[in-house]
Amino acid sequence: MLLVTGGAGFIGSNVVAALNDAGRSDVVVCDVLGHEGKWRNLAKRQLADVVPPPELAAWLKDRRLEAVIHLGAISETTATDGDLVIETNFRFSARLLDWCTANATPFIYASSAATYGDGTQGFGDDFSPSALKKLRPMNLYGWSKHLFDMVVAEKAARGEKLPPRWAGLKFFNVFGPNEYHKGAMMSVLARRFDDIRAGHVVQLFKSHRRGVEDGDQRRDFIYVDDVVRVMMWLLATPSVSGIFNVGTGTARSFKDLILAAYGALGAEPNIQYIDMPEAIRDSYQYFTQSEVDRLRGAGYNGGFTKLEEAVATYVKGYLNQPDRYR
């Protein structure tokens with residue numbers, strides 16, 4: 001039996017789908033389904049149980065699990081309730097880590113590229129405590145993830161007991177099916193797709209930085225299937241532990257992303273550039289690009305999908321279908 005926290009969410013539901021596709025029906029989801037239709041992310045799945053987070057500690061008592069995949073979190077980069085974010089993203093994670101350690105259960109958890117802050121320290125995946133201490137996350141979400149990375153890294157550096165294998169994954173800009181409940185946190189592609197299909201103008205931010213063209217702000221966009229493939233590999237590779245970047249290693253522009261969607265539909269681009277709100281100009285990231293040397297050095301050779309191919313798969317297989325869910 002495997003536990004997937006956040007299993008009704010975007011990445012979590014895609015992990016559950018992959019486990020089902022691999023023949024696993026003994027999958028337990030821990031999540032809050034709420035009122036935003038998150039249940040639809042699991043409507044095609046086979047589950048052993050759905051456990052609300054407040055009940056998880058009691059549910060885990062005297063139970064044996066094959067692995068815990070911990071993806072549940074408050075993931076909004078605009079979150080402002082510090083107490084709630086720390087309880088959900090940090091303390092809950094610490095309790096799960098302790099349980100997995102005590103019960104010798106493999107533990108895979110979601111960190112985030114938001115831990116890198118504005119990128120001035122680069123995006124190297126050195127998880128030594130000294131390297132992590134140099135990072136300065138720019139928002140509450142990134143800080144909560146960084147705090148937990150620090151706890152795990154310090155334990156590893158001191159040789160303290162940890163689960164038999166463990167991995168923290170710093171996800172970069174993930175996009176793909178089942179992200180529709182995320183509202184403003186959806187990928188730009190998902191938010192703008194209906195306008196693209198309808199022939200309406202699609203607005204992207206102008207650049208307010210010398211040397212960067214409008215729409216050429218860049219991110220390391222990674223398709224969710226690639227992210228899931230990394231986690232499935234980790235589940236099957238008992239020799240690997242550590243904190244790893246999960247991105248393609250190639251930064252692409254928002255303009256590239258939207259043009260790929262037009263290309264997948266065979267439509268004429270209709271892009272307009274608008275001023276970036278002054279409130280976010282000083283903190284806006286113009287570039288993110290993961291370093292994935294450690295992941296490859298650990299033996300991962302699954303590769304990453306080219307942006308145009310990933311967008312075409314998402315558009316044709318999901319966004320442009322009556323049923324967009326996996």
# chains A, B, ... in the order shown; residues from 1 in each chain; ligands from 1
>>> residues_around(residues="Gly317 (chain A)", least_positions_apart="5", cutoff="12 Å", atoms="only C-alpha atoms", output="ChimeraX atom specification")
/A:176-177,264-265,309-312,322-326
>>> write_last_selection(atoms="C-alpha atoms", output="short mmCIF file (atom, residue, chain, number, x, y, z; two decimals), in the first residue's frame")
data_model
loop_
_atom_site.label_atom_id
_atom_site.label_comp_id
_atom_site.auth_asym_id
_atom_site.auth_seq_id
_atom_site.Cartn_x
_atom_site.Cartn_y
_atom_site.Cartn_z
CA GLY A 176 -0.35 19.58 -17.64
CA PRO A 177 -3.75 17.95 -17.14
CA ALA A 264 -0.78 22.84 -31.87
CA LEU A 265 -4.14 24.29 -32.97
CA GLU A 309 5.89 18.42 -28.00
CA ALA A 310 4.62 18.74 -24.44
CA VAL A 311 2.28 21.60 -25.32
CA ALA A 312 0.92 19.70 -28.32
CA PRO A 322 -14.66 17.88 -24.00
CA ASP A 323 -13.17 15.96 -21.05
CA ARG A 324 -9.95 17.65 -19.99
CA TYR A 325 -9.19 15.31 -17.09
CA ARG A 326 -6.68 12.49 -16.98
#
>>> residues_around(residues="Phe123 (chain A)", least_positions_apart="4", cutoff="8 Å", atoms="only C-alpha atoms", output="PDB file with N, CA and C atoms, in the first residue's frame")
ATOM      1  N   TYR A 116      14.574  29.013  -4.385  1.00  0.00           N
ATOM      2  CA  TYR A 116      15.733  29.723  -4.920  1.00  0.00           C
ATOM      3  C   TYR A 116      15.566  31.242  -4.912  1.00  0.00           C
ATOM      4  N   GLY A 119      16.920  33.976  -7.727  1.00  0.00           N
ATOM      5  CA  GLY A 119      17.882  33.294  -8.591  1.00  0.00           C
ATOM      6  C   GLY A 119      19.282  33.859  -8.561  1.00  0.00           C
ATOM      7  N   THR A 288      14.322  31.455 -14.820  1.00  0.00           N
ATOM      8  CA  THR A 288      14.600  30.284 -13.983  1.00  0.00           C
ATOM      9  C   THR A 288      15.033  29.140 -14.896  1.00  0.00           C
ATOM     10  N   GLN A 289      16.015  28.414 -14.477  1.00  0.00           N
ATOM     11  CA  GLN A 289      16.489  27.251 -15.242  1.00  0.00           C
ATOM     12  C   GLN A 289      17.180  26.288 -14.286  1.00  0.00           C
ATOM     13  N   SER A 290      16.624  25.117 -14.170  1.00  0.00           N
ATOM     14  CA  SER A 290      17.162  24.154 -13.216  1.00  0.00           C
ATOM     15  C   SER A 290      18.482  23.562 -13.697  1.00  0.00           C
ATOM     16  N   GLU A 291      19.318  23.233 -12.737  1.00  0.00           N
ATOM     17  CA  GLU A 291      20.461  22.371 -13.015  1.00  0.00           C
ATOM     18  C   GLU A 291      20.053  20.962 -12.613  1.00  0.00           C
TER      19      GLU A 291
END
>>> closest_residue(among="A:Val4, A:Leu162, A:Phe175, A:Leu65", to="Ala110 (chain A)", atoms="only C-alpha atoms")
A:Val4
>>> closest_residue(among="A:Gly9, A:Gly142, A:Pro164, A:Gly72", to="Asn103 (chain A)", atoms="only C-alpha atoms")
A:Pro164
>>> residues_around(residues="Tyr273 (chain A)", least_positions_apart="3", cutoff="9 Å", atoms="only C-alpha atoms", output="ChimeraX atom specification")
/A:202-207,214-215
>>> residues_around(residues="Asp195 (chain A)", least_positions_apart="3", cutoff="12 Å", atoms="only C-alpha atoms", output="VMD selection string")
chain A and resid 188 to 192 198 to 203 258 261 to 262 267 269 to 271 319 to 320
>>> residues_around(residues="Lys306 (chain A)", least_positions_apart="6", cutoff="10 Å", atoms="only C-alpha atoms", output="ChimeraX atom specification")
/A:221-223,248,250
>>> write_last_selection(atoms="C-alpha atoms", output="JSON list (two decimals), in the first residue's frame")
[["chain", "number", "residue", "atom", "x", "y", "z"],
["A", 221, "PHE", "CA", 8.63, 24.70, -18.08],
["A", 222, "ILE", "CA", 8.31, 20.95, -17.44],
["A", 223, "TYR", "CA", 5.42, 18.71, -18.44],
["A", 248, "THR", "CA", 14.22, 20.24, -18.03],
["A", 250, "THR", "CA", 16.29, 24.52, -20.50]]
>>> select_by_dssp(residues="region 133-279 of chain A", states="alpha helix (DSSP H)", output="ChimeraX atom specification")
/A:140-157,188-198,224-235,254-265,278-279
>>> select_by_dssp(residues="region 71-191 of chain A", states="strand (DSSP E or B)", output="PDB file with C-alpha atoms, in the first residue's frame")
ATOM      1  CA  PHE A 107       9.688   9.062   1.737  1.00  0.00           C
ATOM      2  CA  ILE A 108       9.468  11.255  -1.382  1.00  0.00           C
ATOM      3  CA  TYR A 109       8.377  14.854  -0.865  1.00  0.00           C
ATOM      4  CA  ALA A 110       7.738  17.981  -2.902  1.00  0.00           C
ATOM      5  CA  SER A 111      10.011  20.943  -2.458  1.00  0.00           C
ATOM      6  CA  SER A 112       9.937  23.818  -4.948  1.00  0.00           C
ATOM      7  CA  TRP A 166      14.242   9.657   0.794  1.00  0.00           C
ATOM      8  CA  ALA A 167      14.082  12.369  -1.837  1.00  0.00           C
ATOM      9  CA  GLY A 168      13.088  16.026  -1.902  1.00  0.00           C
ATOM     10  CA  LEU A 169      12.125  17.298  -5.343  1.00  0.00           C
ATOM     11  CA  LYS A 170      12.427  20.956  -6.297  1.00  0.00           C
ATOM     12  CA  PHE A 171       9.776  21.234  -8.983  1.00  0.00           C
ATOM     13  CA  ASN A 173       7.240  25.290 -13.673  1.00  0.00           C
ATOM     14  CA  VAL A 174       5.071  22.196 -14.012  1.00  0.00           C
ATOM     15  CA  PHE A 175       2.096  22.201 -16.384  1.00  0.00           C
TER      16      PHE A 175
END
>>> atom_distance(atom1="CA of Val16 (chain A)", atom2="CA of Phe254 (chain A)")
29.1 Å
>>> residues_around(residues="Leu71 (chain A)", least_positions_apart="2", cutoff="10 Å", atoms="only C-alpha atoms", output="ChimeraX atom specification")
/A:4-13,15,30-31,68-69,73-75,89,93,108-111,169
>>> atom_distance(atom1="CA of Phe287 (chain A)", atom2="CA of Val227 (chain A)")
20.1 Å
>>> residues_around(residues="Lys155 (chain A)", least_positions_apart="3", cutoff="12 Å", atoms="only C-alpha atoms", output="PyMOL selection string")
chain A and resi 94+97-98+101+127-129+148-152+158-163+166+242
>>> closest_residue(among="A:Gln321, A:Leu140, A:Asp125, A:Tyr284", to="Val246 (chain A)", atoms="only C-alpha atoms")
A:Asp125
